[in-house]
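A.B. asks: Sending over my_file-v5.cif (mmCIF, C-alpha atoms).
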data_target
#
loop_
_atom_site.label_atom_id
_atom_site.label_comp_id
_atom_site.auth_asym_id
_atom_site.auth_seq_id
_atom_site.Cartn_x
_atom_site.Cartn_y
_atom_site.Cartn_z
CA MET A 1 0.00 0.00 0.00
CA SER A 2 1.14 3.55 -0.70
CA ARG A 3 2.03 5.84 2.16
CA PRO A 4 -0.55 8.56 2.93
CA GLY A 5 1.67 11.26 1.43
CA GLU A 6 1.49 9.63 -1.98
CA ALA A 7 -2.26 9.16 -2.09
CA LYS A 8 -4.67 11.69 -3.55
CA ILE A 9 -7.90 12.38 -1.72
CA ALA A 10 -10.93 13.98 -3.35
CA VAL A 11 -13.30 15.65 -0.92
CA ILE A 12 -16.50 15.54 -2.94
CA GLY A 13 -18.74 18.47 -2.01
CA GLY A 14 -15.84 19.93 -0.10
CA THR A 15 -16.97 23.54 0.11
CA GLY A 16 -19.11 23.14 3.27
CA ASP A 17 -17.79 23.07 6.86
CA LEU A 18 -17.39 19.28 6.92
CA GLY A 19 -15.61 19.04 3.58
CA PHE A 20 -13.50 22.14 4.02
CA GLY A 21 -12.42 21.10 7.51
CA LEU A 22 -11.52 17.61 6.33
CA ALA A 23 -9.72 18.88 3.23
CA VAL A 24 -7.53 21.30 5.12
CA ARG A 25 -6.67 18.81 7.85
CA LEU A 26 -6.04 15.95 5.41
CA ALA A 27 -3.79 18.19 3.31
CA LYS A 28 -1.05 17.76 5.90
CA ALA A 29 -0.75 14.08 4.95
CA TYR A 30 -2.34 13.71 1.51
CA ALA A 31 -2.63 15.50 -1.82
CA VAL A 32 -6.16 16.89 -1.47
CA THR A 33 -8.60 18.15 -4.06
CA ILE A 34 -11.82 19.87 -3.05
CA GLY A 35 -14.60 18.91 -5.44
CA SER A 36 -17.75 20.90 -6.10
CA ARG A 37 -20.47 20.94 -8.77
CA ASP A 38 -19.18 24.36 -9.60
CA ALA A 39 -15.46 24.53 -10.47
CA SER A 40 -15.21 28.18 -9.45
CA ARG A 41 -16.62 27.46 -5.98
CA ALA A 42 -14.12 24.61 -5.65
CA ALA A 43 -11.31 26.93 -6.67
CA ALA A 44 -12.46 29.55 -4.15
CA ALA A 45 -12.54 26.95 -1.35
CA ALA A 46 -9.05 25.77 -2.34
CA ALA A 47 -7.78 29.35 -2.30
CA ARG A 48 -9.33 29.80 1.15
CA ALA A 49 -7.50 26.67 2.34
CA VAL A 50 -4.21 28.22 1.25
CA THR A 51 -5.00 31.53 2.96
CA VAL A 52 -6.49 30.19 6.18
CA ALA A 53 -4.39 27.11 6.79
CA ARG A 54 -1.34 27.58 4.55
CA VAL A 55 -1.80 24.13 3.04
CA ARG A 56 -1.88 23.28 -0.64
CA VAL A 57 -5.32 22.11 -1.78
CA GLU A 58 -6.66 21.99 -5.32
CA GLY A 59 -10.20 22.82 -6.40
CA LYS A 60 -11.95 21.01 -9.26
CA THR A 61 -15.34 19.79 -10.37
CA ASN A 62 -16.54 16.71 -8.47
CA GLU A 63 -16.08 14.69 -11.66
CA ASP A 64 -12.47 15.75 -12.18
CA ALA A 65 -11.65 15.36 -8.49
CA ALA A 66 -13.16 11.84 -8.51
CA SER A 67 -11.28 10.81 -11.67
CA GLU A 68 -7.91 11.84 -10.36
CA CYS A 69 -8.15 10.61 -6.75
CA ASP A 70 -7.14 7.40 -4.99
CA ILE A 71 -9.61 7.95 -2.14
CA ALA A 72 -12.87 9.91 -2.16
CA ILE A 73 -14.78 11.33 0.79
CA LEU A 74 -18.45 12.14 0.20
CA ALA A 75 -18.63 15.31 2.27
CA VAL A 76 -22.18 16.13 1.28
CA PRO A 77 -24.91 17.30 3.66
CA ASP A 78 -27.46 14.64 2.72
CA LEU A 79 -27.65 11.38 0.79
CA PRO A 80 -26.54 12.24 -2.75
CA ALA A 81 -29.10 11.66 -5.48
CA ALA A 82 -28.76 8.28 -7.19
CA ASP A 83 -27.85 9.85 -10.53
CA PHE A 84 -25.12 11.93 -8.90
CA LEU A 85 -23.56 8.79 -7.44
CA SER A 86 -23.97 6.92 -10.76
CA SER A 87 -22.18 9.74 -12.54
CA LEU A 88 -19.14 9.14 -10.31
CA ALA A 89 -19.28 5.33 -10.26
CA LYS A 90 -16.85 4.78 -13.12
CA SER A 91 -14.32 7.31 -11.81
CA LEU A 92 -14.43 5.75 -8.36
CA ARG A 93 -14.07 2.11 -9.48
CA GLU A 94 -11.76 0.12 -7.20
CA LYS A 95 -11.13 3.17 -5.04
CA LEU A 96 -11.80 3.69 -1.36
CA VAL A 97 -14.90 5.83 -0.84
CA ILE A 98 -15.64 7.13 2.66
CA SER A 99 -19.19 8.13 3.54
CA PRO A 100 -19.66 10.49 6.49
CA VAL A 101 -23.23 11.06 5.26
CA VAL A 102 -26.07 11.09 7.77
CA PRO A 103 -29.46 11.65 6.17
CA MET A 104 -31.51 13.46 8.82
CA LEU A 105 -34.74 15.26 9.29
CA LEU A 106 -35.71 17.83 11.89
CA LYS A 107 -39.35 17.59 12.90
CA ASP A 108 -40.96 19.32 15.86
CA GLY A 109 -37.48 20.34 16.96
CA VAL A 110 -36.20 16.75 17.10
CA PHE A 111 -33.50 15.29 14.86
CA SER A 112 -33.88 11.75 13.55
CA LEU A 113 -32.66 9.59 10.66
CA SER A 114 -34.62 10.21 7.50
CA LEU A 115 -33.94 6.98 5.59
CA SER A 116 -36.14 4.22 6.89
CA GLY A 117 -34.35 1.03 7.78
CA GLU A 118 -31.22 1.55 5.71
CA SER A 119 -28.02 3.52 6.05
CA ALA A 120 -26.48 6.08 3.76
CA ALA A 121 -23.33 3.95 3.60
CA GLU A 122 -25.31 0.99 2.26
CA ARG A 123 -26.99 3.18 -0.36
CA VAL A 124 -23.62 4.54 -1.40
CA ALA A 125 -22.17 1.03 -1.60
CA LYS A 126 -25.06 -0.07 -3.82
CA ALA A 127 -24.62 2.88 -6.17
CA LEU A 128 -20.81 2.51 -6.20
CA SER A 129 -20.72 -1.28 -6.33
CA ALA A 130 -17.20 -1.41 -7.78
CA SER A 131 -15.75 0.83 -5.05
CA ARG A 132 -14.59 -0.10 -1.55
CA VAL A 133 -17.00 1.81 0.72
CA ALA A 134 -16.51 2.67 4.38
CA GLY A 135 -18.65 4.77 6.73
CA ALA A 136 -16.71 7.16 9.00
CA PHE A 137 -16.52 10.65 10.54
CA HIS A 138 -20.28 10.75 11.33
CA THR A 139 -19.90 11.98 14.89
CA VAL A 140 -17.17 14.54 14.22
CA PRO A 141 -18.97 17.89 14.35
CA ALA A 142 -18.50 19.83 11.12
CA THR A 143 -18.17 23.11 13.01
CA ARG A 144 -15.25 21.76 15.00
CA LEU A 145 -13.62 20.25 11.93
CA ALA A 146 -13.74 23.65 10.30
CA GLN A 147 -12.18 25.36 13.35
CA LEU A 148 -8.60 24.54 12.66
CA GLY A 149 -7.46 25.16 16.23
CA GLU A 150 -9.60 22.27 17.52
CA GLU A 151 -7.51 19.19 18.19
CA LEU A 152 -10.43 16.76 17.65
CA ALA A 153 -9.62 14.24 20.36
CA TYR A 154 -12.64 12.10 19.48
CA ASP A 155 -13.32 8.47 18.69
CA VAL A 156 -14.69 7.55 15.29
CA LEU A 157 -16.63 4.37 14.56
CA VAL A 158 -15.90 3.03 11.10
CA THR A 159 -18.00 0.52 9.18
CA ALA A 160 -16.73 -1.49 6.26
CA ASP A 161 -17.41 -4.92 4.82
CA SER A 162 -13.88 -6.14 5.43
CA ARG A 163 -11.06 -5.54 7.84
CA ALA A 164 -8.87 -4.56 4.87
CA VAL A 165 -11.22 -1.75 3.82
CA TYR A 166 -11.55 -0.71 7.47
CA ASP A 167 -7.75 -0.50 7.72
CA GLU A 168 -7.56 1.78 4.69
CA ALA A 169 -10.29 4.05 6.03
CA ALA A 170 -8.78 3.99 9.54
CA ARG A 171 -5.53 5.37 8.14
CA VAL A 172 -7.42 8.35 6.73
CA VAL A 173 -9.30 8.89 10.01
CA SER A 174 -6.07 8.72 12.03
CA SER A 175 -4.53 11.45 9.93
CA VAL A 176 -7.16 13.99 11.04
CA GLY A 177 -6.35 15.72 14.34
CA LYS A 178 -6.37 13.26 17.21
CA LEU A 179 -9.23 11.15 15.86
CA ARG A 180 -9.04 7.49 16.88
CA PRO A 181 -10.73 5.00 14.55
CA PHE A 182 -12.49 1.85 15.79
CA TYR A 183 -13.88 -0.88 13.58
CA ALA A 184 -17.64 -1.09 14.16
CA GLY A 185 -18.57 -3.90 11.76
CA PRO A 186 -19.97 -4.32 8.26
CA LEU A 187 -21.99 -1.72 6.36
CA THR A 188 -25.20 -3.42 7.50
CA VAL A 189 -24.68 -1.85 10.93
CA SER A 190 -23.87 1.62 9.60
CA ARG A 191 -27.32 2.79 10.60
CA LEU A 192 -26.43 2.29 14.27
CA VAL A 193 -23.41 4.52 13.79
CA GLU A 194 -25.15 7.10 11.59
CA GLY A 195 -27.90 7.32 14.24
CA MET A 196 -25.42 8.69 16.75
CA THR A 197 -25.34 11.98 14.87
CA PRO A 198 -29.01 12.95 15.32
CA ALA A 199 -28.75 11.65 18.92
CA LEU A 200 -25.81 13.99 19.56
CA LEU A 201 -27.59 16.89 17.88
CA ASN A 202 -30.60 16.38 20.16
CA VAL A 203 -28.34 16.16 23.19
CA SER A 204 -26.54 19.32 22.07
CA LYS A 205 -29.77 21.25 21.69
CA LEU A 206 -31.49 20.03 24.85
CA ASN A 207 -28.48 20.35 27.15
CA LYS A 208 -26.90 23.46 25.60
CA LEU A 209 -23.69 21.63 24.73
CA ARG A 210 -21.52 23.01 21.94
CA SER A 211 -21.11 20.40 19.18
CA PRO A 212 -20.52 17.32 21.33
CA SER A 213 -18.68 14.31 20.01
CA ILE A 214 -17.86 11.03 21.75
CA ARG A 215 -15.00 9.13 23.25
CA LEU A 216 -15.04 5.49 24.25
CA VAL A 217 -14.18 4.93 27.88
CA MET B 1 -40.76 15.95 44.93
CA SER B 2 -39.44 13.51 47.47
CA ARG B 3 -35.73 13.27 48.12
CA PRO B 4 -34.02 10.14 46.69
CA GLY B 5 -33.68 8.63 50.16
CA GLU B 6 -37.42 8.53 50.61
CA ALA B 7 -38.24 6.90 47.27
CA LYS B 8 -38.53 3.16 46.74
CA ILE B 9 -37.05 1.67 43.59
CA ALA B 10 -38.02 -1.74 42.22
CA VAL B 11 -35.42 -3.31 39.97
CA ILE B 12 -37.63 -5.62 37.93
CA GLY B 13 -35.64 -8.65 36.80
CA GLY B 14 -32.90 -7.59 39.13
CA THR B 15 -31.02 -10.87 39.48
CA GLY B 16 -28.83 -10.44 36.36
CA ASP B 17 -25.64 -8.36 36.17
CA LEU B 18 -27.45 -5.21 35.02
CA GLY B 19 -30.18 -5.40 37.65
CA PHE B 20 -27.95 -6.54 40.49
CA GLY B 21 -25.37 -3.84 39.73
CA LEU B 22 -28.04 -1.15 39.59
CA ALA B 23 -29.78 -2.40 42.73
CA VAL B 24 -26.64 -2.43 44.83
CA ARG B 25 -25.48 0.97 43.61
CA LEU B 26 -28.91 2.58 43.96
CA ALA B 27 -29.27 1.21 47.49
CA LYS B 28 -26.91 3.91 48.73
CA ALA B 29 -29.56 6.55 47.91
CA TYR B 30 -32.86 4.70 47.65
CA ALA B 31 -34.83 1.90 49.31
CA VAL B 32 -34.31 -0.82 46.71
CA THR B 33 -36.18 -4.03 46.05
CA ILE B 34 -34.90 -6.62 43.61
CA GLY B 35 -37.78 -8.21 41.73
CA SER B 36 -37.76 -11.61 40.07
CA ARG B 37 -40.35 -14.01 38.73
CA ASP B 38 -39.17 -16.32 41.45
CA ALA B 39 -39.33 -14.90 44.99
CA SER B 40 -36.57 -17.19 46.21
CA ARG B 41 -34.17 -16.03 43.49
CA ALA B 42 -35.00 -12.42 44.40
CA ALA B 43 -34.32 -13.19 48.06
CA ALA B 44 -31.00 -14.83 47.18
CA ALA B 45 -29.95 -11.79 45.10
CA ALA B 46 -30.94 -9.49 47.97
CA ALA B 47 -28.90 -11.58 50.40
CA ARG B 48 -25.94 -11.41 48.00
CA ALA B 49 -26.27 -7.60 47.92
CA VAL B 50 -25.98 -7.53 51.71
CA THR B 51 -22.95 -9.83 51.70
CA VAL B 52 -21.08 -8.33 48.75
CA ALA B 53 -21.86 -4.65 49.14
CA ARG B 54 -23.12 -4.32 52.72
CA VAL B 55 -26.23 -2.49 51.56
CA ARG B 56 -29.80 -3.29 52.50
CA VAL B 57 -31.80 -4.56 49.54
CA GLU B 58 -35.05 -6.51 49.63
CA GLY B 59 -36.03 -9.35 47.33
CA LYS B 60 -39.61 -9.94 46.19
CA THR B 61 -41.63 -11.13 43.23
CA ASN B 62 -41.75 -8.65 40.35
CA GLU B 63 -45.42 -8.07 41.12
CA ASP B 64 -44.83 -7.24 44.79
CA ALA B 65 -41.79 -5.11 44.00
CA ALA B 66 -43.80 -3.19 41.38
CA SER B 67 -46.76 -2.64 43.72
CA GLU B 68 -44.66 -1.20 46.51
CA CYS B 69 -42.26 0.98 44.54
CA ASP B 70 -42.26 4.64 43.52
CA ILE B 71 -39.89 4.05 40.61
CA ALA B 72 -39.34 0.87 38.58
CA ILE B 73 -36.36 -0.07 36.43
CA LEU B 74 -36.95 -2.79 33.84
CA ALA B 75 -33.59 -4.54 34.14
CA VAL B 76 -34.49 -7.36 31.80
CA PRO B 77 -32.25 -8.75 29.07
CA ASP B 78 -34.72 -8.35 26.21
CA LEU B 79 -38.05 -6.68 25.49
CA PRO B 80 -40.49 -8.12 28.03
CA ALA B 81 -43.46 -10.03 26.63
CA ALA B 82 -46.57 -7.90 26.26
CA ASP B 83 -48.49 -9.91 28.85
CA PHE B 84 -45.69 -9.50 31.38
CA LEU B 85 -45.84 -5.73 30.97
CA SER B 86 -49.65 -5.77 31.10
CA SER B 87 -49.50 -7.70 34.35
CA LEU B 88 -47.50 -4.84 35.90
CA ALA B 89 -49.41 -1.96 34.31
CA LYS B 90 -51.79 -1.37 37.20
CA SER B 91 -49.07 -1.54 39.85
CA LEU B 92 -46.94 0.92 37.90
CA ARG B 93 -49.68 3.49 37.20
CA GLU B 94 -48.46 7.07 37.59
CA LYS B 95 -44.99 5.86 38.51
CA LEU B 96 -41.68 6.53 36.82
CA VAL B 97 -40.55 3.49 34.80
CA ILE B 98 -37.02 3.44 33.42
CA SER B 99 -36.23 1.20 30.45
CA PRO B 100 -32.59 0.24 29.88
CA VAL B 101 -33.84 -2.47 27.51
CA VAL B 102 -32.05 -3.00 24.20
CA PRO B 103 -33.59 -5.77 22.10
CA MET B 104 -30.69 -7.19 20.11
CA LEU B 105 -29.79 -10.04 17.87
CA LEU B 106 -26.41 -11.54 17.07
CA LYS B 107 -26.16 -12.80 13.51
CA ASP B 108 -22.96 -13.84 11.73
CA GLY B 109 -21.05 -12.44 14.69
CA VAL B 110 -22.59 -8.96 14.35
CA PHE B 111 -24.88 -7.32 16.90
CA SER B 112 -27.85 -5.28 15.71
CA LEU B 113 -31.24 -4.10 16.97
CA SER B 114 -33.88 -6.78 16.69
CA LEU B 115 -37.06 -4.68 16.71
CA SER B 116 -37.64 -3.17 13.31
CA GLY B 117 -38.26 0.55 13.30
CA GLU B 118 -39.34 0.94 16.90
CA SER B 119 -37.64 1.18 20.26
CA ALA B 120 -38.07 -0.88 23.39
CA ALA B 121 -38.86 2.32 25.31
CA GLU B 122 -41.78 3.08 22.99
CA ARG B 123 -43.12 -0.47 23.34
CA VAL B 124 -42.86 -0.19 27.11
CA ALA B 125 -44.62 3.19 27.06
CA LYS B 126 -47.47 1.73 24.99
CA ALA B 127 -47.89 -1.22 27.34
CA LEU B 128 -47.61 0.99 30.44
CA SER B 129 -49.64 3.91 29.13
CA ALA B 130 -50.46 5.25 32.59
CA SER B 131 -46.80 5.30 33.69
CA ARG B 132 -44.14 7.94 33.06
CA VAL B 133 -41.56 6.11 30.92
CA ALA B 134 -37.94 7.10 30.33
CA GLY B 135 -35.16 5.28 28.46
CA ALA B 136 -31.76 5.29 30.21
CA PHE B 137 -28.65 3.29 31.14
CA HIS B 138 -28.42 1.59 27.70
CA THR B 139 -24.72 2.18 27.22
CA VAL B 140 -23.63 1.35 30.75
CA PRO B 141 -22.05 -2.11 30.46
CA ALA B 142 -23.76 -4.60 32.76
CA THR B 143 -20.45 -6.24 33.61
CA ARG B 144 -19.04 -2.93 34.85
CA LEU B 145 -22.20 -2.12 36.77
CA ALA B 146 -21.87 -5.43 38.57
CA GLN B 147 -18.22 -4.79 39.43
CA LEU B 148 -18.73 -2.59 42.42
CA GLY B 149 -15.23 -1.13 42.34
CA GLU B 150 -15.88 0.49 38.94
CA GLU B 151 -16.60 4.21 39.30
CA LEU B 152 -18.68 4.38 36.09
CA ALA B 153 -17.56 7.77 34.81
CA TYR B 154 -19.79 7.54 31.74
CA ASP B 155 -22.40 9.70 30.08
CA VAL B 156 -25.94 8.41 29.79
CA LEU B 157 -28.43 9.59 27.18
CA VAL B 158 -31.96 9.68 28.56
CA THR B 159 -35.15 9.81 26.49
CA ALA B 160 -38.50 10.91 27.87
CA ASP B 161 -41.54 12.66 26.50
CA SER B 162 -41.17 15.64 28.82
CA ARG B 163 -38.42 17.53 30.56
CA ALA B 164 -40.17 16.75 33.88
CA VAL B 165 -39.95 12.99 33.35
CA TYR B 166 -36.37 13.40 32.15
CA ASP B 167 -35.54 15.29 35.35
CA GLU B 168 -36.93 12.47 37.49
CA ALA B 169 -34.99 9.83 35.56
CA ALA B 170 -31.85 11.98 35.55
CA ARG B 171 -31.91 12.05 39.34
CA VAL B 172 -31.84 8.25 39.39
CA VAL B 173 -29.03 8.12 36.81
CA SER B 174 -26.95 10.67 38.76
CA SER B 175 -27.15 8.54 41.87
CA VAL B 176 -25.28 5.66 40.19
CA GLY B 177 -21.48 5.99 40.34
CA LYS B 178 -20.29 8.98 38.35
CA LEU B 179 -22.89 8.63 35.60
CA ARG B 180 -23.87 11.94 34.00
CA PRO B 181 -27.34 12.10 32.45
CA PHE B 182 -28.11 14.10 29.30
CA TYR B 183 -31.57 14.68 27.88
CA ALA B 184 -31.69 13.14 24.39
CA GLY B 185 -35.28 13.92 23.41
CA PRO B 186 -38.65 12.19 23.31
CA LEU B 187 -39.22 8.43 23.28
CA THR B 188 -39.56 8.53 19.49
CA VAL B 189 -35.77 8.90 19.28
CA SER B 190 -35.02 6.12 21.79
CA ARG B 191 -34.03 3.85 18.94
CA LEU B 192 -31.05 6.07 18.16
CA VAL B 193 -29.91 5.72 21.77
CA GLU B 194 -30.72 2.01 22.06
CA GLY B 195 -28.73 1.45 18.85
CA MET B 196 -25.56 2.62 20.57
CA THR B 197 -25.46 -0.61 22.58
CA PRO B 198 -25.07 -3.05 19.67
CA ALA B 199 -22.66 -0.53 18.09
CA LEU B 200 -20.53 -0.59 21.25
CA LEU B 201 -20.71 -4.39 21.44
CA ASN B 202 -19.44 -4.66 17.87
CA VAL B 203 -16.67 -2.18 18.62
CA SER B 204 -15.77 -4.12 21.75
CA LYS B 205 -15.54 -7.39 19.88
CA LEU B 206 -13.71 -6.11 16.80
CA ASN B 207 -11.18 -3.96 18.66
CA LYS B 208 -10.70 -6.15 21.73
CA LEU B 209 -11.95 -3.45 24.09
CA ARG B 210 -13.35 -4.46 27.46
CA SER B 211 -16.97 -3.31 27.83
CA PRO B 212 -16.62 0.18 26.38
CA SER B 213 -19.03 2.94 27.27
CA ILE B 214 -19.11 6.55 26.09
CA ARG B 215 -18.41 10.07 27.25
CA LEU B 216 -19.42 13.22 25.46
CA VAL B 217 -16.51 15.50 24.65
#
Would you mind giving the structure from this file in structure tokens?

C.D. replies:
Amino acid sequence: MSRPGEAKIAVIGGTGDLGFGLAVRLAKAYAVTIGSRDASRAAAAAARAVTVARVRVEGKTNEDAASECDIAILAVPDLPAADFLSSLAKSLREKLVISPVVPMLLKDGVFSLSLSGESAAERVAKALSASRVAGAFHTVPATRLAQLGEELAYDVLVTADSRAVYDEAARVVSSVGKLRPFYAGPLTVSRLVEGMTPALLNVSKLNKLRSPSIRLV
Amino acid sequence: MSRPGEAKIAVIGGTGDLGFGLAVRLAKAYAVTIGSRDASRAAAAAARAVTVARVRVEGKTNEDAASECDIAILAVPDLPAADFLSSLAKSLREKLVISPVVPMLLKDGVFSLSLSGESAAERVAKALSASRVAGAFHTVPATRLAQLGEELAYDVLVTADSRAVYDEAARVVSSVGKLRPFYAGPLTVSRLVEGMTPALLNVSKLNKLRSPSIRLV
């Protein structure tokens, strides 16, 4: 396997807090490209990475970023539309794809999972059937990721259908702040892990906590 | 509201690790009765509490324990049968009932939730419609609860349909070791919290961790 420094990571949808925070932090160990539907927004986010964090990040369309990468992270706010995923399937063949996606709804002030009975990671794996898909980063608050002074001493549960894919994803997780990856089982249990995000959002709101994450003890 | 010391807690099904650990620890602040289907098993568990922990705990049938208590904890290993809950409904009217229940299945070595789409806490609340039901304690490992030297410095997410019921349940949680309660929303989101238990069991197994619990950070 290549060392992190040689691998190229595409942060698909990398202009939001989650994607930008990941891109900037991963840029210390990987060659990172921020992808966006709009190439000029991607370029602006990449320029901001240089200014804010003094790291080199490129900005491209999602398609170009996906084609050129070794590893892709789907840093999108909700489950991507099926045709969006299909459009990337060929570019992402035989690559590691990490899904931090948590499809949620907010109803009567309460956060819950919006997909019934399935996880985003499983949907992604179905749409990208020739990729190696892992679920990770769900409980790392985007706002803290984007605050580059935060050390992120959190634990991250990672789902993947094999220990080998877990190991690849764990290496990416470990390269972000002080995140510690733990293998949480196959994609079929991703929903348990994705569900922690709305649970934490409810806890945050009801107990006036600022962007809580978790540690195993 | 009465002070903890004046309230009577029934630990229904209190002869297992979870129930016994809770009973012994709660006995420092509450008058505790261990309930069991079998009065002699309840009495034996109560006698063990006296010997092991030098606390006074009574042992009775579940029915008697439920009748006499102010607060009941359903310390049972799986979702109780509907007729078992019905049999306690009258005794538990207008009382606080805490559900730590996590219905799980283990298939191909992977733990997951066994109820589809609903939580144990919601099922309990339906069966005990005249009680005040809260979900709590799910992520506190039974084995650590039962080891009385463990200080239990964990965070506990509590679900309840009102802040008032949460507050009552939170007082019980706070009286166990160093557990810190956090309000996680109404019973409709209990499944997100219950799902953390199989997630932690998978993490434990796959990463060789001993009975992990969580803390918010």

A.B. asks: Where does the PyMOL selection byres ((chain B and resi 134-144) around 8) land in this file, that is, which residues does it pick, as JSON, numbers by chain?

C.D. replies: {"B": [17, 18, 21, 96, 97, 98, 99, 100, 101, 102, 121, 132, 133, 145, 146, 147, 148, 150, 152, 154, 156, 157, 158, 159, 160, 161, 165, 166, 169, 173, 187, 190, 193, 194, 196, 197, 200, 211, 212, 213, 214]}

A.B. asks: Taking 3 positions as the minimum chain separation for residues in the same chain, which residues sit within 10 Å of B:Glu58 when counting all atoms listed in the file? Answer as a short mmCIF file (atom, residue, chain, number, x, y, z; two decimals) with C-alpha atoms, keeping the file's coordinate frame.

C.D. replies:
data_model
loop_
_atom_site.label_atom_id
_atom_site.label_comp_id
_atom_site.auth_asym_id
_atom_site.auth_seq_id
_atom_site.Cartn_x
_atom_site.Cartn_y
_atom_site.Cartn_z
CA ALA B 10 -38.02 -1.74 42.22
CA ALA B 23 -29.78 -2.40 42.73
CA ALA B 27 -29.27 1.21 47.49
CA ALA B 31 -34.83 1.90 49.31
CA VAL B 32 -34.31 -0.82 46.71
CA THR B 33 -36.18 -4.03 46.05
CA ILE B 34 -34.90 -6.62 43.61
CA GLY B 35 -37.78 -8.21 41.73
CA ALA B 42 -35.00 -12.42 44.40
CA ALA B 43 -34.32 -13.19 48.06
CA ALA B 44 -31.00 -14.83 47.18
CA ALA B 45 -29.95 -11.79 45.10
CA ALA B 46 -30.94 -9.49 47.97
CA ALA B 47 -28.90 -11.58 50.40
CA ALA B 49 -26.27 -7.60 47.92
CA VAL B 50 -25.98 -7.53 51.71
CA VAL B 55 -26.23 -2.49 51.56
CA ALA B 65 -41.79 -5.11 44.00
#

A.B. asks: Apply the PyMOL selection byres ((chain B) within 10 of (chain A)) to the displayed file and report the matching residues as an NGL selection string.

C.D. replies: :B and (109-113 or 116-117 or 152-155 or 157-159 or 163 or 181-186 or 188-207 or 209-217)

A.B. asks: Just the number, please: distance in Å from atom CA of A:Ala7 to atom CA of A:Asp70, one decimal.

C.D. replies: 5.9 Å

A.B. asks: Could you tell me how far atom CA of B:Ala39 lies from atom CA of B:Asp64, in Å and to one decimal?

C.D. replies: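 So the two atoms, atom CA of B:Ala39 and atom CA of B:Asp64, lie 9.4 Å apart.
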
A.B. asks: Could you write out as a list in words the residues that the PyMOL selection byres ((chain A and resi 94) around 6) matches in the shown file?

C.D. replies: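 Given this file, the PyMOL selection byres ((chain A and resi 94) around 6) evaluates to Arg93, Lys95, Ala130 and Ser131 of chain A.
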